[in-house]
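*Asks:* So I've got this file, run00.cif, and it contains mmCIF, C-alpha atoms, pLDDT in the B column; chains and numbers go by the auth columns:
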data_data
loop_
_atom_site.group_PDB
_atom_site.id
_atom_site.type_symbol
_atom_site.label_atom_id
_atom_site.label_comp_id
_atom_site.label_asym_id
_atom_site.label_seq_id
_atom_site.Cartn_x
_atom_site.Cartn_y
_atom_site.Cartn_z
_atom_site.B_iso_or_equiv
_atom_site.auth_seq_id
_atom_site.auth_asym_id
ATOM 1 C CA MET A 1 -16.196 -17.512 -56.495 46.00 18 A
ATOM 2 C CA SER A 2 -16.093 -13.689 -56.462 50.00 19 A
ATOM 3 C CA SER A 3 -13.091 -11.785 -55.194 52.00 20 A
ATOM 4 C CA PRO A 4 -13.457 -10.012 -51.827 51.00 21 A
ATOM 5 C CA THR A 5 -14.360 -6.335 -52.084 52.00 22 A
ATOM 6 C CA ALA A 6 -12.542 -3.530 -50.296 46.00 23 A
ATOM 7 C CA ALA A 7 -15.422 -3.416 -47.815 47.00 24 A
ATOM 8 C CA ASP A 8 -14.983 -7.126 -47.089 48.00 25 A
ATOM 9 C CA MET A 9 -11.272 -6.618 -46.428 43.00 26 A
ATOM 10 C CA THR A 10 -11.818 -3.766 -43.991 42.00 27 A
ATOM 11 C CA THR A 11 -10.614 -4.763 -40.542 42.00 28 A
ATOM 12 C CA THR A 12 -13.460 -5.026 -38.085 38.00 29 A
ATOM 13 C CA PRO A 13 -12.591 -3.060 -34.943 42.00 30 A
ATOM 14 C CA PRO A 14 -12.476 -5.102 -31.747 49.00 31 A
ATOM 15 C CA ASP A 15 -15.638 -5.068 -29.664 52.00 32 A
ATOM 16 C CA ASP A 16 -13.917 -3.241 -26.796 69.00 33 A
ATOM 17 C CA GLU A 17 -12.379 -0.486 -28.897 73.00 34 A
ATOM 18 C CA GLY A 18 -13.165 2.808 -27.209 84.00 35 A
ATOM 19 C CA THR A 19 -13.854 1.156 -23.858 91.00 36 A
ATOM 20 C CA PRO A 20 -11.978 2.971 -21.056 95.00 37 A
ATOM 21 C CA VAL A 21 -9.058 0.910 -19.792 96.00 38 A
ATOM 22 C CA SER A 22 -10.344 1.231 -16.222 96.00 39 A
ATOM 23 C CA VAL A 23 -13.529 -0.565 -17.281 96.00 40 A
ATOM 24 C CA LYS A 24 -11.518 -3.407 -18.848 97.00 41 A
ATOM 25 C CA ILE A 25 -9.443 -3.845 -15.685 97.00 42 A
ATOM 26 C CA ARG A 26 -12.512 -3.684 -13.471 96.00 43 A
ATOM 27 C CA GLU A 27 -14.294 -6.339 -15.538 97.00 44 A
ATOM 28 C CA ARG A 28 -11.302 -8.693 -15.223 97.00 45 A
ATOM 29 C CA LEU A 29 -11.375 -8.237 -11.468 97.00 46 A
ATOM 30 C CA LYS A 30 -15.101 -8.905 -11.288 97.00 47 A
ATOM 31 C CA THR A 31 -14.794 -11.981 -13.508 96.00 48 A
ATOM 32 C CA ALA A 32 -12.062 -13.328 -11.207 97.00 49 A
ATOM 33 C CA ARG A 33 -14.164 -12.346 -8.169 97.00 50 A
ATOM 34 C CA LYS A 34 -11.266 -10.359 -6.794 97.00 51 A
ATOM 35 C CA ARG A 35 -11.643 -7.406 -4.485 96.00 52 A
ATOM 36 C CA PHE A 36 -10.351 -4.025 -5.656 97.00 53 A
ATOM 37 C CA ASN A 37 -10.618 -1.849 -2.567 96.00 54 A
ATOM 38 C CA ALA A 38 -8.339 1.145 -2.166 95.00 55 A
ATOM 39 C CA ASN A 39 -5.660 -0.856 -0.325 95.00 56 A
ATOM 40 C CA ASP A 40 -5.690 -3.864 -2.678 96.00 57 A
ATOM 41 C CA ASN A 41 -2.962 -4.609 -5.208 97.00 58 A
ATOM 42 C CA ILE A 42 -4.426 -5.163 -8.701 97.00 59 A
ATOM 43 C CA ALA A 43 -1.200 -5.479 -10.713 97.00 60 A
ATOM 44 C CA GLU A 44 -1.926 -8.997 -12.012 96.00 61 A
ATOM 45 C CA PHE A 45 -5.050 -7.697 -13.767 97.00 62 A
ATOM 46 C CA ILE A 46 -3.270 -4.908 -15.636 97.00 63 A
ATOM 47 C CA GLU A 47 -1.932 -5.926 -19.055 96.00 64 A
ATOM 48 C CA PRO A 48 1.271 -4.528 -20.612 96.00 65 A
ATOM 49 C CA GLY A 49 0.779 -0.958 -21.819 95.00 66 A
ATOM 50 C CA GLU A 50 -2.455 -0.429 -19.891 96.00 67 A
ATOM 51 C CA LEU A 51 -0.917 1.533 -17.028 96.00 68 A
ATOM 52 C CA GLU A 52 0.084 4.266 -19.494 96.00 69 A
ATOM 53 C CA LYS A 53 -3.458 4.326 -20.875 96.00 70 A
ATOM 54 C CA LEU A 54 -4.832 4.438 -17.331 97.00 71 A
ATOM 55 C CA LEU A 55 -2.619 7.458 -16.655 97.00 72 A
ATOM 56 C CA ASP A 56 -4.142 9.235 -19.666 97.00 73 A
ATOM 57 C CA GLU A 57 -7.630 8.372 -18.416 97.00 74 A
ATOM 58 C CA VAL A 58 -6.950 9.652 -14.900 97.00 75 A
ATOM 59 C CA GLU A 59 -5.458 12.845 -16.356 97.00 76 A
ATOM 60 C CA SER A 60 -8.607 13.437 -18.408 97.00 77 A
ATOM 61 C CA LYS A 61 -10.891 12.932 -15.419 97.00 78 A
ATOM 62 C CA MET A 62 -8.675 15.037 -13.160 97.00 79 A
ATOM 63 C CA GLN A 63 -8.948 17.822 -15.709 97.00 80 A
ATOM 64 C CA GLY A 64 -12.729 17.520 -15.340 97.00 81 A
ATOM 65 C CA VAL A 65 -12.360 17.945 -11.565 96.00 82 A
ATOM 66 C CA LEU A 66 -10.295 21.101 -12.054 96.00 83 A
ATOM 67 C CA ASP A 67 -12.845 22.448 -14.541 96.00 84 A
ATOM 68 C CA SER A 68 -15.657 21.767 -12.061 97.00 85 A
ATOM 69 C CA MET A 69 -13.674 23.663 -9.420 95.00 86 A
ATOM 70 C CA VAL A 70 -13.677 26.645 -11.811 97.00 87 A
ATOM 71 C CA ILE A 71 -9.889 26.730 -12.179 96.00 88 A
ATOM 72 C CA ASN A 72 -8.754 28.278 -15.454 95.00 89 A
ATOM 73 C CA THR A 73 -6.000 25.783 -16.260 95.00 90 A
ATOM 74 C CA ALA A 74 -5.689 27.124 -19.808 94.00 91 A
ATOM 75 C CA GLY A 75 -4.878 30.635 -18.627 94.00 92 A
ATOM 76 C CA ASP A 76 -3.153 29.855 -15.320 94.00 93 A
ATOM 77 C CA HIS A 77 0.469 28.874 -15.882 94.00 94 A
ATOM 78 C CA ASN A 78 0.637 27.286 -12.412 94.00 95 A
ATOM 79 C CA THR A 79 -2.124 24.748 -13.086 95.00 96 A
ATOM 80 C CA ARG A 80 -1.744 24.237 -16.843 94.00 97 A
ATOM 81 C CA ASN A 81 -0.299 20.725 -16.424 95.00 98 A
ATOM 82 C CA THR A 82 -1.682 19.957 -12.977 96.00 99 A
ATOM 83 C CA ALA A 83 -4.055 17.226 -14.196 97.00 100 A
ATOM 84 C CA ARG A 84 -1.141 15.288 -15.708 97.00 101 A
ATOM 85 C CA ARG A 85 1.058 15.819 -12.668 96.00 102 A
ATOM 86 C CA VAL A 86 -1.658 14.597 -10.302 97.00 103 A
ATOM 87 C CA ALA A 87 -2.319 11.520 -12.451 97.00 104 A
ATOM 88 C CA LYS A 88 1.380 10.636 -12.472 97.00 105 A
ATOM 89 C CA MET A 89 1.637 11.255 -8.727 96.00 106 A
ATOM 90 C CA TYR A 90 -1.250 8.905 -7.933 96.00 107 A
ATOM 91 C CA LEU A 91 -0.372 6.049 -10.310 96.00 108 A
ATOM 92 C CA ASN A 92 3.431 6.174 -10.337 96.00 109 A
ATOM 93 C CA GLU A 93 4.243 7.426 -6.854 95.00 110 A
ATOM 94 C CA VAL A 94 1.925 7.677 -3.856 95.00 111 A
ATOM 95 C CA PHE A 95 -0.452 4.844 -4.872 96.00 112 A
ATOM 96 C CA LYS A 96 2.105 2.814 -6.808 96.00 113 A
ATOM 97 C CA GLY A 97 1.613 -0.116 -4.434 96.00 114 A
ATOM 98 C CA ARG A 98 -1.777 -0.776 -6.061 97.00 115 A
ATOM 99 C CA TYR A 99 -0.502 -1.028 -9.627 97.00 116 A
ATOM 100 C CA VAL A 100 2.889 -2.750 -9.547 96.00 117 A
ATOM 101 C CA THR A 101 3.800 -6.269 -8.534 95.00 118 A
ATOM 102 C CA GLN A 102 5.466 -7.053 -5.240 93.00 119 A
ATOM 103 C CA PRO A 103 9.178 -6.171 -5.242 91.00 120 A
ATOM 104 C CA PRO A 104 11.439 -9.219 -5.608 86.00 121 A
ATOM 105 C CA ILE A 105 12.445 -10.602 -2.220 81.00 122 A
ATOM 106 C CA THR A 106 15.417 -12.943 -2.038 75.00 123 A
ATOM 107 C CA GLU A 107 15.014 -15.456 0.774 68.00 124 A
ATOM 108 C CA PHE A 108 17.817 -17.442 2.389 65.00 125 A
ATOM 109 C CA PRO A 109 17.662 -20.433 4.733 58.00 126 A
ATOM 110 C CA ASN A 110 18.510 -19.801 8.366 62.00 127 A
ATOM 111 C CA ALA A 111 21.794 -21.719 8.063 53.00 128 A
ATOM 112 C CA GLU A 112 23.120 -20.579 11.469 59.00 129 A
ATOM 113 C CA HIS A 113 19.825 -21.392 13.228 58.00 130 A
ATOM 114 C CA LEU A 114 19.464 -17.826 14.514 66.00 131 A
ATOM 115 C CA ASN A 115 16.841 -17.591 17.241 70.00 132 A
ATOM 116 C CA GLU A 116 17.428 -14.174 18.823 79.00 133 A
ATOM 117 C CA LEU A 117 15.223 -11.099 18.586 87.00 134 A
ATOM 118 C CA MET A 118 15.921 -8.900 15.570 88.00 135 A
ATOM 119 C CA ILE A 119 14.474 -5.391 15.166 91.00 136 A
ATOM 120 C CA VAL A 120 14.420 -3.357 11.952 93.00 137 A
ATOM 121 C CA GLY A 121 13.542 0.332 12.019 87.00 138 A
ATOM 122 C CA PRO A 122 12.581 2.990 12.016 95.00 139 A
ATOM 123 C CA ILE A 123 11.419 2.583 8.406 96.00 140 A
ATOM 124 C CA THR A 124 9.783 5.675 6.947 95.00 141 A
ATOM 125 C CA VAL A 125 6.110 5.336 5.998 95.00 142 A
ATOM 126 C CA ARG A 126 4.628 7.449 3.218 94.00 143 A
ATOM 127 C CA SER A 127 0.982 6.644 2.713 94.00 144 A
ATOM 128 C CA ALA A 128 -2.409 8.327 2.422 94.00 145 A
ATOM 129 C CA CYS A 129 -5.730 7.897 4.171 93.00 146 A
ATOM 130 C CA SER A 130 -8.457 6.370 2.039 93.00 147 A
ATOM 131 C CA HIS A 131 -11.053 8.783 3.452 93.00 148 A
ATOM 132 C CA HIS A 132 -9.615 12.059 2.175 93.00 149 A
ATOM 133 C CA PHE A 133 -6.449 11.053 0.263 93.00 150 A
ATOM 134 C CA CYS A 134 -4.462 13.150 2.728 93.00 151 A
ATOM 135 C CA PRO A 135 -0.870 12.116 3.528 92.00 152 A
ATOM 136 C CA VAL A 136 -0.056 9.713 6.352 94.00 153 A
ATOM 137 C CA ILE A 137 3.601 10.114 7.284 95.00 154 A
ATOM 138 C CA GLY A 138 5.336 8.126 9.983 95.00 155 A
ATOM 139 C CA LYS A 139 7.658 5.298 10.959 96.00 156 A
ATOM 140 C CA ILE A 140 7.488 1.553 11.484 96.00 157 A
ATOM 141 C CA TRP A 141 9.520 -0.808 13.659 97.00 158 A
ATOM 142 C CA ILE A 142 9.513 -4.531 12.909 96.00 159 A
ATOM 143 C CA GLY A 143 10.577 -7.220 15.370 94.00 160 A
ATOM 144 C CA VAL A 144 11.234 -10.780 14.214 92.00 161 A
ATOM 145 C CA MET A 145 11.853 -13.870 16.319 90.00 162 A
ATOM 146 C CA PRO A 146 13.281 -16.416 13.862 85.00 163 A
ATOM 147 C CA ASN A 147 13.537 -20.169 14.152 79.00 164 A
ATOM 148 C CA GLU A 148 15.681 -22.700 12.292 74.00 165 A
ATOM 149 C CA HIS A 149 13.112 -22.897 9.486 72.00 166 A
ATOM 150 C CA THR A 150 12.657 -19.142 9.100 75.00 167 A
ATOM 151 C CA ASN A 151 13.455 -17.611 5.737 75.00 168 A
ATOM 152 C CA VAL A 152 16.004 -14.824 6.189 76.00 169 A
ATOM 153 C CA ILE A 153 15.551 -11.708 4.048 80.00 170 A
ATOM 154 C CA GLY A 154 17.839 -8.700 3.721 79.00 171 A
ATOM 155 C CA LEU A 155 17.229 -5.631 5.864 82.00 172 A
ATOM 156 C CA SER A 156 16.503 -3.444 2.838 87.00 173 A
ATOM 157 C CA LYS A 157 13.782 -5.868 1.769 91.00 174 A
ATOM 158 C CA TYR A 158 11.722 -4.985 4.839 93.00 175 A
ATOM 159 C CA ALA A 159 11.800 -1.359 3.706 94.00 176 A
ATOM 160 C CA ARG A 160 10.749 -2.394 0.186 94.00 177 A
ATOM 161 C CA LEU A 161 7.807 -4.389 1.517 95.00 178 A
ATOM 162 C CA VAL A 162 6.752 -1.480 3.740 96.00 179 A
ATOM 163 C CA ASP A 163 6.912 0.901 0.773 95.00 180 A
ATOM 164 C CA TRP A 164 4.871 -1.482 -1.400 96.00 181 A
ATOM 165 C CA VAL A 165 2.111 -2.073 1.150 96.00 182 A
ATOM 166 C CA MET A 166 1.926 1.531 2.346 96.00 183 A
ATOM 167 C CA GLY A 167 1.895 2.950 -1.193 96.00 184 A
ATOM 168 C CA ARG A 168 -1.916 2.728 -1.339 96.00 185 A
ATOM 169 C CA PRO A 169 -4.833 4.619 0.183 95.00 186 A
ATOM 170 C CA GLN A 170 -5.066 3.074 3.651 92.00 187 A
ATOM 171 C CA ILE A 171 -6.335 3.299 7.143 94.00 188 A
ATOM 172 C CA GLN A 172 -3.448 2.691 9.503 94.00 189 A
ATOM 173 C CA GLU A 173 -5.050 -0.174 11.427 94.00 190 A
ATOM 174 C CA GLU A 174 -5.568 -2.235 8.275 95.00 191 A
ATOM 175 C CA ALA A 175 -2.205 -1.337 6.744 95.00 192 A
ATOM 176 C CA VAL A 176 -0.221 -2.744 9.668 96.00 193 A
ATOM 177 C CA VAL A 177 -2.200 -6.001 9.616 96.00 194 A
ATOM 178 C CA GLN A 178 -1.676 -6.302 5.864 95.00 195 A
ATOM 179 C CA LEU A 179 2.071 -5.798 6.301 96.00 196 A
ATOM 180 C CA ALA A 180 2.207 -8.339 9.141 96.00 197 A
ATOM 181 C CA ASP A 181 0.399 -10.950 7.037 95.00 198 A
ATOM 182 C CA LEU A 182 2.883 -10.443 4.197 94.00 199 A
ATOM 183 C CA ILE A 183 6.015 -10.685 6.371 93.00 200 A
ATOM 184 C CA MET A 184 4.677 -13.755 8.177 92.00 201 A
ATOM 185 C CA GLU A 185 4.032 -15.428 4.832 89.00 202 A
ATOM 186 C CA LYS A 186 7.504 -14.570 3.520 86.00 203 A
ATOM 187 C CA THR A 187 9.616 -15.425 6.563 86.00 204 A
ATOM 188 C CA GLN A 188 7.617 -17.930 8.686 87.00 205 A
ATOM 189 C CA PRO A 189 9.113 -16.797 12.028 89.00 206 A
ATOM 190 C CA ASP A 190 8.142 -17.903 15.517 90.00 207 A
ATOM 191 C CA GLY A 191 6.919 -14.391 16.159 93.00 208 A
ATOM 192 C CA LEU A 192 6.447 -11.003 14.547 95.00 209 A
ATOM 193 C CA ALA A 193 5.877 -7.599 16.123 96.00 210 A
ATOM 194 C CA ILE A 194 5.131 -4.354 14.297 97.00 211 A
ATOM 195 C CA VAL A 195 4.659 -0.875 15.741 96.00 212 A
ATOM 196 C CA MET A 196 3.651 2.069 13.572 96.00 213 A
ATOM 197 C CA GLU A 197 3.525 5.723 14.573 95.00 214 A
ATOM 198 C CA ALA A 198 2.188 8.252 12.083 95.00 215 A
ATOM 199 C CA SER A 199 0.844 11.760 11.628 93.00 216 A
ATOM 200 C CA HIS A 200 -2.413 11.997 9.693 91.00 217 A
ATOM 201 C CA PHE A 201 -2.858 15.120 7.610 88.00 218 A
ATOM 202 C CA CYS A 202 -6.634 14.546 7.579 88.00 219 A
ATOM 203 C CA MET A 203 -6.432 15.676 11.222 84.00 220 A
ATOM 204 C CA SER A 204 -3.804 18.398 10.921 81.00 221 A
ATOM 205 C CA TRP A 205 -4.552 19.891 7.492 83.00 222 A
ATOM 206 C CA ARG A 206 -8.356 19.742 7.685 81.00 223 A
ATOM 207 C CA GLY A 207 -11.070 18.828 10.163 79.00 224 A
ATOM 208 C CA VAL A 208 -10.018 19.527 13.748 82.00 225 A
ATOM 209 C CA ARG A 209 -6.600 20.798 12.541 82.00 226 A
ATOM 210 C CA GLU A 210 -4.805 19.187 15.461 82.00 227 A
ATOM 211 C CA MET A 211 -1.118 19.480 14.606 81.00 228 A
ATOM 212 C CA ASP A 212 0.542 17.371 17.294 81.00 229 A
ATOM 213 C CA SER A 213 -1.573 14.223 17.481 84.00 230 A
ATOM 214 C CA LYS A 214 -0.154 10.949 16.207 89.00 231 A
ATOM 215 C CA MET A 215 -1.595 7.484 15.918 91.00 232 A
ATOM 216 C CA ILE A 216 0.354 4.520 17.299 93.00 233 A
ATOM 217 C CA ASN A 217 -0.746 0.946 16.822 93.00 234 A
ATOM 218 C CA SER A 218 0.814 -2.485 16.948 94.00 235 A
ATOM 219 C CA VAL A 219 0.382 -6.021 15.703 96.00 236 A
ATOM 220 C CA MET A 220 1.787 -8.967 17.657 96.00 237 A
ATOM 221 C CA ARG A 221 1.961 -12.475 16.239 94.00 238 A
ATOM 222 C CA GLY A 222 3.189 -15.808 17.587 93.00 239 A
ATOM 223 C CA VAL A 223 5.511 -15.672 20.569 93.00 240 A
ATOM 224 C CA PHE A 224 5.204 -11.883 20.833 94.00 241 A
ATOM 225 C CA LEU A 225 1.517 -12.373 21.540 91.00 242 A
ATOM 226 C CA LYS A 226 2.041 -15.221 24.014 92.00 243 A
ATOM 227 C CA ASP A 227 5.193 -14.062 25.848 93.00 244 A
ATOM 228 C CA PRO A 228 4.790 -10.765 27.778 94.00 245 A
ATOM 229 C CA ALA A 229 8.521 -10.631 28.578 93.00 246 A
ATOM 230 C CA LEU A 230 9.490 -10.822 24.904 92.00 247 A
ATOM 231 C CA ARG A 231 6.886 -8.212 24.038 93.00 248 A
ATOM 232 C CA ARG A 232 8.280 -5.882 26.704 93.00 249 A
ATOM 233 C CA GLU A 233 11.824 -6.452 25.414 93.00 250 A
ATOM 234 C CA PHE A 234 10.802 -5.489 21.900 93.00 251 A
ATOM 235 C CA LEU A 235 8.962 -2.359 23.023 93.00 252 A
ATOM 236 C CA SER A 236 11.811 -1.320 25.341 92.00 253 A
ATOM 237 C CA LEU A 237 14.311 -1.473 22.466 91.00 254 A
ATOM 238 C CA ILE A 238 12.329 0.937 20.270 89.00 255 A
ATOM 239 C CA PRO A 239 13.913 4.391 20.751 78.00 256 A
ATOM 240 C CA GLY A 240 11.554 6.768 22.472 69.00 257 A
ATOM 241 C CA LYS A 241 8.911 4.099 23.106 60.00 258 A
ATOM 242 C CA ASN A 242 10.076 2.747 26.463 53.00 259 A
#
Could you write out this structure as structure tokens?
*Replies:*
Amino acid sequence: MSSPTAADMTTTPPDDEGTPVSVKIRERLKTARKRFNANDNIAEFIEPGELEKLLDEVESKMQGVLDSMVINTAGDHNTRNTARRVAKMYLNEVFKGRYVTQPPITEFPNAEHLNELMIVGPITVRSACSHHFCPVIGKIWIGVMPNEHTNVIGLSKYARLVDWVMGRPQIQEEAVVQLADLIMEKTQPDGLAIVMEASHFCMSWRGVREMDSKMINSVMRGVFLKDPALRREFLSLIPGKN
């Protein structure tokens, strides 16, 4: 039997070598039949080390956008590293809620059988509209009516959940529903109420350039939906909303 030649011993490159990491992630999502809209979290489909590669890919494509806008990034000291900064901003900061797993939430049993209205807020919202990627900045108030079976979570955990859900390109109406679904799943209360008020830079920075308009919307679940008196109590206790 002849000895293997150097050519035989050459490592064959993997079939996907050179394939953009975004394509690999997208194919996993499609294979799993999972949605990957702007406000979806896709962290479970990103393998270790791929987020860094995705950052490099976004930087490269952002550089193409700047080139197409006829910005001399090589000669302009102000925009020389803009492509990298924008890539890091999108993946690691403003849209981080798409690419990282849900923050750990410690849940405790309702040992004292608390059943009184609890309100958390205002919690600062930092998001962006999915139409123009313009900032959406505002506040959220969360009302919870627990029961003896409700899981109790720390006050700071509400802020962490808000940050995680809102850290994606969103429209406000969908974002509040998404947050309500998550809190209901985590805590199982008798009722949940959420009010969000936000300024949309797609209205103030562009378009009609209306500086003072805000959007306010609410989601009511359980007893907040069925009991008008409880709903009024919650709304009356929000500063500036009564």
*Asks:* Could you check which of A:Thr48, A:Gln189, A:Thr118, A:Asn58 is closest to Met232 (chain A), using all atoms listed in the file?
*Replies:*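 Closest candidate: A:Gln189.
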*Asks:* What does the structure give for the distance between CA of Phe112 (chain A) and CA of Glu202 (chain A), in Å to one decimal?
*Replies:*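 Computing it gives 22.9 Å between the two atoms.
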*Asks:* Counting all atoms listed in the file, give me one row per residue of region 98-213 of chain A with an atom at most 9 Å from an atom of region 237-257 of chain A, showing the shortest contact pair and its distance in Å to one decimal, sorted by chain then residue number, as CSV.
*Replies:*
residue,atom,partner,partner_atom,distance
A:Leu134,CA,A:Phe251,CA,7.9
A:Met135,CA,A:Phe251,CA,8.8
A:Ile136,CA,A:Phe251,CA,7.7
A:Gly138,CA,A:Ile255,CA,8.4
A:Pro139,CA,A:Ile255,CA,8.5
A:Trp158,CA,A:Ile255,CA,7.4
A:Gly160,CA,A:Phe251,CA,6.8
A:Met162,CA,A:Val240,CA,7.8
A:Ala197,CA,A:Arg238,CA,8.2
A:Met201,CA,A:Arg238,CA,8.6
A:Pro206,CA,A:Gly239,CA,8.2
A:Asp207,CA,A:Gly239,CA,5.8
A:Gly208,CA,A:Gly239,CA,4.2
A:Leu209,CA,A:Arg238,CA,5.0
A:Ala210,CA,A:Met237,CA,4.6
A:Ile211,CA,A:Met237,CA,6.6
A:Val212,CA,A:Leu252,CA,8.6
*Asks:* Pick out the closest residue to Phe62 (chain A) from this set: A:Ala104, A:Val117, A:Thr99, A:Ile170. Count all atoms listed in the file.
*Replies:*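 Going through A:Ala104, A:Val117, A:Thr99, A:Ile170 one by one, the smallest distance to Phe62 (chain A) is for A:Val117.
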*Asks:* Using only C-alpha atoms, pick whichever of A:Leu72, A:Ile122, A:Ala176, A:Ile233 has the shortest atom-to-atom distance to Met106 (chain A).
*Replies:*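 Of the candidates, the smallest distance to Met106 (chain A) is held by A:Leu72.
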*Asks:* Which protein, DNA or RNA residues have an atom at most 12 Å from (0.5, 10.5, -7.2), counting only C-alpha atoms? List them as a PyMOL selection string.
*Replies:* chain A and resi 72+75-76+79+99-116+143-145+150-152+184-186
